[in-house]
>>> print(open('run_16.txt').read())   # compact mmCIF, C-alpha atoms and all ligand atoms
# COMPACT_ATOMS: atom_id res chain seq x y z
CA MET A 1 9.89 14.38 25.27
CA LYS A 2 8.04 11.07 25.00
CA ARG A 3 9.78 7.95 26.30
CA ILE A 4 9.51 4.48 24.76
CA VAL A 5 11.00 1.37 26.31
CA THR A 6 11.79 -1.25 23.72
CA VAL A 7 12.14 -4.87 24.80
CA GLN A 8 14.06 -7.08 22.40
CA ASP A 9 17.47 -8.65 21.82
CA ILE A 10 20.78 -7.10 20.87
CA SER A 11 22.05 -8.85 17.77
CA CYS A 12 25.51 -7.28 17.71
CA VAL A 13 25.77 -7.61 13.93
CA GLY A 14 22.65 -7.99 11.83
CA LYS A 15 20.81 -4.66 11.74
CA CYS A 16 17.68 -5.82 13.54
CA SER A 17 15.96 -5.52 16.91
CA LEU A 18 17.71 -3.05 19.25
CA THR A 19 20.43 -1.92 16.82
CA VAL A 20 17.57 -0.73 14.58
CA ALA A 21 15.01 0.41 17.17
CA LEU A 22 17.37 2.55 19.21
CA PRO A 23 18.74 4.75 16.39
CA ILE A 24 15.39 5.11 14.65
CA ILE A 25 13.43 6.09 17.77
CA SER A 26 16.19 8.47 18.91
CA ALA A 27 16.42 10.10 15.48
CA MET A 28 12.67 10.67 15.58
CA GLY A 29 13.10 12.80 18.68
CA VAL A 30 11.77 10.29 21.16
CA GLU A 31 13.69 8.96 24.17
CA ALA A 32 14.55 5.30 23.67
CA ALA A 33 15.01 3.23 26.81
CA ILE A 34 15.97 -0.37 26.19
CA LEU A 35 15.43 -3.68 27.93
CA PRO A 36 17.78 -6.16 26.22
CA THR A 37 16.44 -9.71 26.42
CA ALA A 38 19.53 -11.46 25.04
CA VAL A 39 22.86 -10.67 23.44
CA LEU A 40 23.62 -12.54 20.21
CA SER A 41 26.74 -12.25 18.08
CA THR A 42 24.46 -11.99 15.01
CA HIS A 43 20.78 -12.53 14.34
CA THR A 44 19.69 -16.13 13.90
CA ALA A 45 19.49 -15.98 10.10
CA PHE A 46 23.27 -16.44 10.10
CA LYS A 47 22.26 -19.94 11.24
CA LYS A 48 25.68 -21.37 12.08
CA GLY A 49 27.77 -20.56 15.10
CA PHE A 50 26.05 -17.51 16.52
CA THR A 51 26.44 -16.98 20.26
CA LEU A 52 23.45 -16.24 22.50
CA HIS A 53 23.54 -15.02 26.08
CA ASP A 54 20.06 -15.06 27.58
CA LEU A 55 19.12 -12.11 29.83
CA THR A 56 15.71 -13.34 31.01
CA GLY A 57 16.85 -13.15 34.63
CA GLU A 58 17.56 -9.43 34.28
CA ILE A 59 14.06 -8.40 33.18
CA ALA A 60 12.24 -8.41 36.55
CA PRO A 61 15.09 -6.74 38.53
CA ILE A 62 15.49 -4.03 35.89
CA THR A 63 11.78 -3.21 35.81
CA ALA A 64 11.64 -3.31 39.64
CA HIS A 65 14.43 -0.73 39.79
CA TRP A 66 12.60 1.49 37.30
CA LYS A 67 9.44 1.26 39.43
CA SER A 68 11.40 2.21 42.57
CA GLU A 69 12.79 5.26 40.71
CA GLY A 70 9.32 6.30 39.60
CA ILE A 71 10.30 5.93 35.93
CA ASP A 72 7.36 5.64 33.54
CA PHE A 73 6.94 5.11 29.83
CA ASP A 74 4.60 6.42 27.16
CA ALA A 75 4.92 3.14 25.27
CA ILE A 76 6.30 -0.36 25.69
CA TYR A 77 7.44 -1.69 22.32
CA THR A 78 8.30 -5.37 22.11
CA GLY A 79 9.99 -7.17 19.25
CA TYR A 80 11.84 -10.48 19.05
CA LEU A 81 11.45 -12.37 22.33
CA ALA A 82 13.39 -15.55 22.82
CA SER A 83 11.35 -17.69 25.25
CA PHE A 84 7.99 -18.40 26.87
CA ASP A 85 9.32 -16.90 30.12
CA GLN A 86 10.20 -13.64 28.39
CA ILE A 87 6.66 -13.37 27.05
CA ASP A 88 5.24 -13.86 30.56
CA LEU A 89 7.65 -11.25 31.94
CA VAL A 90 6.61 -8.72 29.30
CA LYS A 91 2.94 -9.38 30.11
CA GLN A 92 3.78 -8.61 33.74
CA MET A 93 5.67 -5.50 32.67
CA ALA A 94 2.55 -4.22 30.87
CA LYS A 95 0.67 -4.59 34.19
CA ASP A 96 3.48 -2.79 36.07
CA PHE A 97 3.32 0.20 33.68
CA PRO A 98 -0.42 0.45 33.02
CA GLY A 99 -0.24 3.94 31.53
CA ALA A 100 2.03 2.83 28.68
CA LEU A 101 0.72 1.98 25.22
CA LEU A 102 1.59 -1.68 24.56
CA PHE A 103 2.88 -1.97 20.98
CA VAL A 104 3.75 -5.56 20.03
CA ASP A 105 5.66 -6.67 16.97
CA PRO A 106 5.39 -10.46 17.29
CA ALA A 107 8.70 -10.91 15.43
CA MET A 108 8.81 -14.66 14.83
CA GLY A 109 8.92 -15.43 11.15
CA ASP A 110 8.53 -14.50 7.51
CA ASN A 111 7.73 -16.05 4.13
CA GLY A 112 5.59 -18.77 5.66
CA LYS A 113 8.29 -19.97 8.04
CA LEU A 114 9.08 -19.33 11.69
CA TYR A 115 12.61 -18.14 12.48
CA TYR A 116 15.20 -20.66 13.60
CA GLY A 117 14.41 -21.92 17.12
CA PHE A 118 10.66 -21.16 17.15
CA ASP A 119 7.74 -23.57 16.85
CA GLU A 120 3.95 -23.44 16.72
CA ALA A 121 3.66 -23.54 20.51
CA PHE A 122 5.79 -20.40 20.71
CA ALA A 123 3.53 -18.66 18.19
CA LYS A 124 0.51 -19.50 20.37
CA LYS A 125 2.33 -18.09 23.38
CA MET A 126 3.10 -14.88 21.46
CA ALA A 127 -0.63 -14.66 20.70
CA GLU A 128 -1.16 -14.29 24.49
CA LEU A 129 0.97 -11.14 24.47
CA CYS A 130 -0.82 -9.82 21.39
CA ALA A 131 -4.12 -10.39 23.21
CA VAL A 132 -3.29 -7.74 25.80
CA ALA A 133 -1.71 -5.26 23.34
CA ASP A 134 -3.08 -1.92 22.19
CA ILE A 135 -1.50 -2.30 18.75
CA ILE A 136 0.04 -5.34 17.05
CA VAL A 137 1.98 -5.35 13.77
CA PRO A 138 2.42 -8.97 12.60
CA ASN A 139 3.31 -9.91 9.06
CA MET A 140 1.19 -12.46 7.17
CA THR A 141 3.35 -15.35 8.40
CA GLU A 142 3.17 -14.38 12.06
CA ALA A 143 -0.59 -13.80 11.81
CA ALA A 144 -1.11 -17.25 10.26
CA PHE A 145 0.91 -19.02 12.96
CA MET A 146 -0.78 -17.14 15.79
CA LEU A 147 -4.25 -17.85 14.42
CA GLY A 148 -3.45 -21.44 13.44
CA ILE A 149 -4.53 -20.86 9.82
CA PRO A 150 -2.60 -21.80 6.65
CA TYR A 151 -0.12 -19.23 5.34
CA VAL A 152 -1.09 -18.01 1.88
CA SER A 153 1.54 -16.15 -0.10
CA GLU A 154 -0.66 -14.99 -3.00
CA GLY A 155 -4.07 -15.22 -4.60
CA TYR A 156 -6.05 -13.86 -1.67
CA ASP A 157 -8.37 -10.85 -1.75
CA GLU A 158 -9.15 -7.89 0.48
CA GLU A 159 -12.00 -9.76 2.22
CA TYR A 160 -9.53 -12.45 3.26
CA VAL A 161 -7.19 -9.87 4.80
CA LYS A 162 -10.09 -8.16 6.57
CA ASP A 163 -11.10 -11.52 8.02
CA VAL A 164 -7.53 -12.15 9.28
CA LEU A 165 -7.47 -8.68 10.85
CA ARG A 166 -10.83 -9.22 12.56
CA LYS A 167 -9.59 -12.56 13.91
CA LEU A 168 -6.38 -10.94 15.21
CA CYS A 169 -8.39 -8.34 17.10
CA ALA A 170 -10.81 -11.02 18.32
CA MET A 171 -7.80 -12.48 20.18
CA GLY A 172 -7.80 -9.26 22.23
CA ALA A 173 -5.64 -6.59 20.56
CA LYS A 174 -7.41 -3.27 20.07
CA LYS A 175 -5.77 -2.50 16.72
CA ALA A 176 -3.90 -4.70 14.28
CA ALA A 177 -1.79 -3.81 11.24
CA LEU A 178 -0.79 -6.62 8.88
CA THR A 179 2.40 -6.07 6.91
CA GLY A 180 3.48 -7.76 3.70
CA VAL A 181 -0.05 -7.73 2.27
CA SER A 182 0.02 -8.30 -1.48
CA LEU A 183 -3.29 -8.29 -3.31
CA ASP A 184 -1.60 -8.18 -6.68
CA ALA A 185 1.89 -9.24 -7.70
CA HIS A 186 3.08 -5.66 -8.31
CA LYS A 187 2.05 -4.12 -4.99
CA THR A 188 2.80 -4.79 -1.36
CA GLY A 189 1.73 -2.92 1.72
CA VAL A 190 -0.03 -2.76 5.03
CA MET A 191 -3.65 -3.17 5.98
CA ALA A 192 -4.96 -2.25 9.42
CA TYR A 193 -8.10 -2.66 11.51
CA ASP A 194 -9.29 -0.66 14.48
CA SER A 195 -11.69 -2.87 16.45
CA GLU A 196 -12.97 0.09 18.45
CA THR A 197 -14.20 2.02 15.42
CA ASP A 198 -14.64 -1.01 13.11
CA GLU A 199 -12.58 0.82 10.46
CA PHE A 200 -10.06 -0.57 8.00
CA PHE A 201 -7.12 1.21 6.40
CA SER A 202 -4.70 0.19 3.68
CA TYR A 203 -1.61 1.59 2.05
CA TYR A 204 0.41 0.04 -0.78
CA HIS A 205 3.69 0.54 -2.62
CA ASP A 206 5.11 -0.89 -5.77
CA ARG A 207 6.61 -4.21 -4.83
CA ILE A 208 10.41 -4.48 -4.85
CA PRO A 209 10.88 -8.20 -5.53
CA VAL A 210 13.52 -8.82 -2.85
CA GLN A 211 13.48 -10.07 0.75
CA TYR A 212 15.64 -8.59 3.48
CA HIS A 213 15.99 -9.32 7.17
CA GLY A 214 15.05 -6.66 9.69
CA THR A 215 12.48 -4.83 7.58
CA GLY A 216 9.76 -5.66 10.12
CA ASP A 217 11.89 -4.10 12.85
CA VAL A 218 12.50 -0.97 10.75
CA PHE A 219 8.76 -0.70 10.10
CA ALA A 220 7.71 -1.27 13.72
CA SER A 221 10.31 1.16 15.13
CA ALA A 222 9.27 3.96 12.77
CA CYS A 223 5.60 3.27 13.44
CA VAL A 224 5.87 3.45 17.24
CA GLY A 225 8.17 6.47 16.92
CA ALA A 226 5.61 8.29 14.77
CA LEU A 227 2.81 7.41 17.21
CA SER A 228 4.90 8.90 20.00
CA ARG A 229 5.30 12.04 17.92
CA GLY A 230 1.53 12.41 17.96
CA LYS A 231 0.61 10.84 14.63
CA SER A 232 -2.56 8.78 14.27
CA LEU A 233 -2.09 5.06 13.61
CA ASN A 234 -2.96 5.48 9.93
CA GLU A 235 -0.47 8.35 9.56
CA ALA A 236 2.17 6.33 11.42
CA LEU A 237 1.64 3.34 9.13
CA VAL A 238 2.17 5.51 6.05
CA ILE A 239 5.35 7.01 7.54
CA ALA A 240 6.66 3.56 8.51
CA ALA A 241 5.80 1.98 5.15
CA ASP A 242 7.42 4.83 3.18
CA TYR A 243 10.54 4.59 5.36
CA THR A 244 10.81 0.81 5.00
CA TYR A 245 10.38 1.13 1.24
CA GLU A 246 13.08 3.81 1.07
CA SER A 247 15.44 1.65 3.20
CA ILE A 248 15.01 -1.27 0.81
CA ARG A 249 15.40 0.99 -2.24
CA LEU A 250 18.66 2.41 -0.88
CA THR A 251 19.92 -1.08 -0.07
CA GLU A 252 19.25 -2.23 -3.62
CA ALA A 253 20.96 0.88 -5.01
CA GLU A 254 24.17 0.18 -3.07
CA PRO A 255 26.63 -2.02 -4.96
CA GLY A 256 27.92 -4.83 -2.75
CA HIS A 257 25.41 -4.19 0.01
CA ASN A 258 25.29 -6.76 2.81
CA TRP A 259 22.63 -9.50 2.76
CA TYR A 260 21.66 -9.39 6.41
CA GLY A 261 19.89 -6.06 6.86
CA VAL A 262 18.63 -2.94 5.11
CA ASN A 263 20.08 0.55 4.72
CA PHE A 264 17.78 2.19 7.24
CA GLU A 265 20.54 4.60 8.27
CA GLN A 266 20.73 6.62 5.05
CA ALA A 267 16.93 6.71 4.82
CA ILE A 268 16.69 8.55 8.16
CA PRO A 269 16.70 12.05 6.57
CA ALA A 270 13.65 11.07 4.50
CA LEU A 271 11.98 9.66 7.62
CA LEU A 272 12.48 12.90 9.52
CA LYS A 273 11.02 14.92 6.64
CA SER A 274 7.87 12.81 6.82
CA LEU A 275 7.27 13.54 10.50
O1 LIG A 301 13.36 -9.31 13.85
C1 LIG A 301 14.29 -10.06 13.34
C2 LIG A 301 15.17 -10.72 14.34
C3 LIG A 301 15.48 -10.13 15.57
N1 LIG A 301 16.30 -10.73 16.46
C4 LIG A 301 16.85 -11.92 16.19
C5 LIG A 301 16.57 -12.56 14.98
C6 LIG A 301 15.70 -11.95 14.04
C7 LIG A 301 15.39 -12.59 12.76
O2 LIG A 301 15.86 -13.61 12.40
O3 LIG A 301 17.12 -13.73 14.73
C8 LIG A 301 17.78 -12.56 17.18
>>> encode(input="run_16.txt", output="structure tokens", more="lines below")
Ligand code: PXL
Amino acid sequence: MKRIVTVQDISCVGKCSLTVALPIISAMGVEAAILPTAVLSTHTAFKKGFTLHDLTGEIAPITAHWKSEGIDFDAIYTGYLASFDQIDLVKQMAKDFPGALLFVDPAMGDNGKLYYGFDEAFAKKMAELCAVADIIVPNMTEAAFMLGIPYVSEGYDEEYVKDVLRKLCAMGAKKAALTGVSLDAHKTGVMAYDSETDEFFSYYHDRIPVQYHGTGDVFASACVGALSRGKSLNEALVIAADYTYESIRLTEAEPGHNWYGVNFEQAIPALLKSL
């Protein structure tokens, strides 16, 4: 069985980061090891009163123990990281486990804004991690902040997205997939670039005109899970996009659904069928 280690926070309530990555990767038949970077009572979109216990000091001792046990990983999958130090520690971790695919979701923002607590300097620091990654999966907001270009929410064309993707790979990542690409108001999807083959790929769905937290984490977890199950990046992007779409559709269909995350749980049977 393939083994992924995922490095991100535990938001105890909020359906994001580890509470999403762990069940999705496990359900896909891949071992999910975790490296929790912080424990929060909720994700930061709750804004008021959330607790945060930083675990930066645990990262190096945990990875050192794994090394001493001869534990290895097929992939390192990073999501929300809470500080500059954590980014440096993950860069070191990639050097410590050189055989692992480095899959980076630079989870930092959405809809043109960085999440609470992040600034432009943090986005530039995250770009350093993306530079050493095999695959990165930013959304349009995260890409704009990392590249230092204006965020555009609409009215752009395919050439613009291709240019953003080329620039992302020029930072150093081998492959980049941009999520939340919307070339017309009725469609949204993902567009990817493989700098080694100079090939582009795109996949779109009808747009559901709603915004939910944690969809990037659902997408990234399913994508890295599918890669670990032997799918190509393009196949994995289709699986992840279909699964994210289905999670949002099920959320919308549920009367009184919560506002803070999507129904990725009841979409798992559909995800497994697509593998
Ligand atoms: O990927 C979303 C996410 C993960 N972890 C924490 C967050 C968020 C989004 O706001 O606050 C702690």
>>> residues_around(input="run_16.txt", residues="stretch 191-199 of chain A", least_positions_apart="5", cutoff="7 Å", atoms="all atoms listed in the file", output="JSON list (two decimals) with C-alpha atoms, keeping the file's coordinate frame")
[["chain", "number", "residue", "atom", "x", "y", "z"],
["A", 165, "LEU", "CA", -7.47, -8.68, 10.85],
["A", 169, "CYS", "CA", -8.39, -8.34, 17.10],
["A", 174, "LYS", "CA", -7.41, -3.27, 20.07],
["A", 175, "LYS", "CA", -5.77, -2.50, 16.72],
["A", 176, "ALA", "CA", -3.90, -4.70, 14.28],
["A", 177, "ALA", "CA", -1.79, -3.81, 11.24],
["A", 178, "LEU", "CA", -0.79, -6.62, 8.88],
["A", 179, "THR", "CA", 2.40, -6.07, 6.91],
["A", 181, "VAL", "CA", -0.05, -7.73, 2.27]]
>>> residues_near_ligand(input="run_16.txt", ligand="ligand LIG 301 (chain A)", cutoff="10 Å", atoms="all atoms listed in the file", output="number ranges by chain")
A: 8-20, 37-47, 50, 52, 79-82, 105-110, 114-117, 213-218, 220, 260-261
>>> residues_around(input="run_16.txt", residues="A:Glu235", least_positions_apart="5", cutoff="10 Å", atoms="only C-alpha atoms", output="count of residues only")
8
>>> atom_distance(input="run_16.txt", atom1="atom CA of A:Ala100", atom2="atom CA of A:Phe84")
22.1 Å
>>> residues_around(input="run_16.txt", residues="A:Asp72", least_positions_apart="2", cutoff="10 Å", atoms="all atoms listed in the file", output="mmCIF file with C-alpha atoms, in the frame of the given file")
data_model
loop_
_atom_site.group_PDB
_atom_site.id
_atom_site.type_symbol
_atom_site.label_atom_id
_atom_site.label_comp_id
_atom_site.auth_asym_id
_atom_site.auth_seq_id
_atom_site.Cartn_x
_atom_site.Cartn_y
_atom_site.Cartn_z
ATOM 1 C CA ARG A 3 9.780 7.950 26.300
ATOM 2 C CA ILE A 4 9.510 4.480 24.760
ATOM 3 C CA VAL A 5 11.000 1.370 26.310
ATOM 4 C CA TRP A 66 12.600 1.490 37.300
ATOM 5 C CA LYS A 67 9.440 1.260 39.430
ATOM 6 C CA GLU A 69 12.790 5.260 40.710
ATOM 7 C CA GLY A 70 9.320 6.300 39.600
ATOM 8 C CA ASP A 74 4.600 6.420 27.160
ATOM 9 C CA ALA A 75 4.920 3.140 25.270
ATOM 10 C CA ILE A 76 6.300 -0.360 25.690
ATOM 11 C CA ASP A 96 3.480 -2.790 36.070
ATOM 12 C CA PHE A 97 3.320 0.200 33.680
ATOM 13 C CA PRO A 98 -0.420 0.450 33.020
ATOM 14 C CA GLY A 99 -0.240 3.940 31.530
ATOM 15 C CA ALA A 100 2.030 2.830 28.680
#
>>> residues_near_point(input="run_16.txt", point="(6.3, -18.6, 9.4)", cutoff="10 Å", atoms="all atoms listed in the file", output="PyMOL selection string")
chain A and resi 108-115+118-120+123+139-146+150-151
>>> atom_distance(input="run_16.txt", atom1="atom CA of A:Asn258", atom2="atom CA of A:Leu183")
29.3 Å
>>> atom_distance(input="run_16.txt", atom1="atom CA of A:Gly189", atom2="atom CA of A:Glu31")
28.1 Å
>>> axis_aligned_box(input="run_16.txt", around="stretch 205-221 of chain A", padding_each_side="5 Å", output="lines of an AutoDock Vina configuration file")
center_x = 9.8
center_y = -4.5
center_z = 4.7
size_x = 22.3
size_y = 21.2
size_z = 30.9
>>> residues_around(input="run_16.txt", residues="A:Asp206", least_positions_apart="5", cutoff="10 Å", atoms="all atoms listed in the file", output="short mmCIF file (atom, residue, chain, number, x, y, z; two decimals) with C-alpha atoms, in the coordinates of the input")
data_model
loop_
_atom_site.label_atom_id
_atom_site.label_comp_id
_atom_site.auth_asym_id
_atom_site.auth_seq_id
_atom_site.Cartn_x
_atom_site.Cartn_y
_atom_site.Cartn_z
CA SER A 182 0.02 -8.30 -1.48
CA ASP A 184 -1.60 -8.18 -6.68
CA ALA A 185 1.89 -9.24 -7.70
CA HIS A 186 3.08 -5.66 -8.31
CA LYS A 187 2.05 -4.12 -4.99
CA THR A 188 2.80 -4.79 -1.36
CA GLY A 189 1.73 -2.92 1.72
CA TYR A 245 10.38 1.13 1.24
#
>>> residues_near_point(input="run_16.txt", point="(13.8, -12.4, 29.8)", cutoff="6 Å", atoms="only C-alpha atoms", output="PyMOL selection string")
chain A and resi 37+55-57+59+86
>>> closest_residue(input="run_16.txt", among="A:Val7, A:Phe200, A:Tyr243, A:Ala253", to="A:Ile62", atoms="all atoms listed in the file")
A:Val7
>>> closest_residue(input="run_16.txt", among="A:Met126, A:Ile268, A:Val90, A:Val137", to="A:Glu246", atoms="all atoms listed in the file")
A:Ile268
>>> closest_residue(input="run_16.txt", among="A:Leu237, A:Ala27, A:Leu35, A:Ala21", to="A:Pro269", atoms="all atoms listed in the file")
A:Ala27
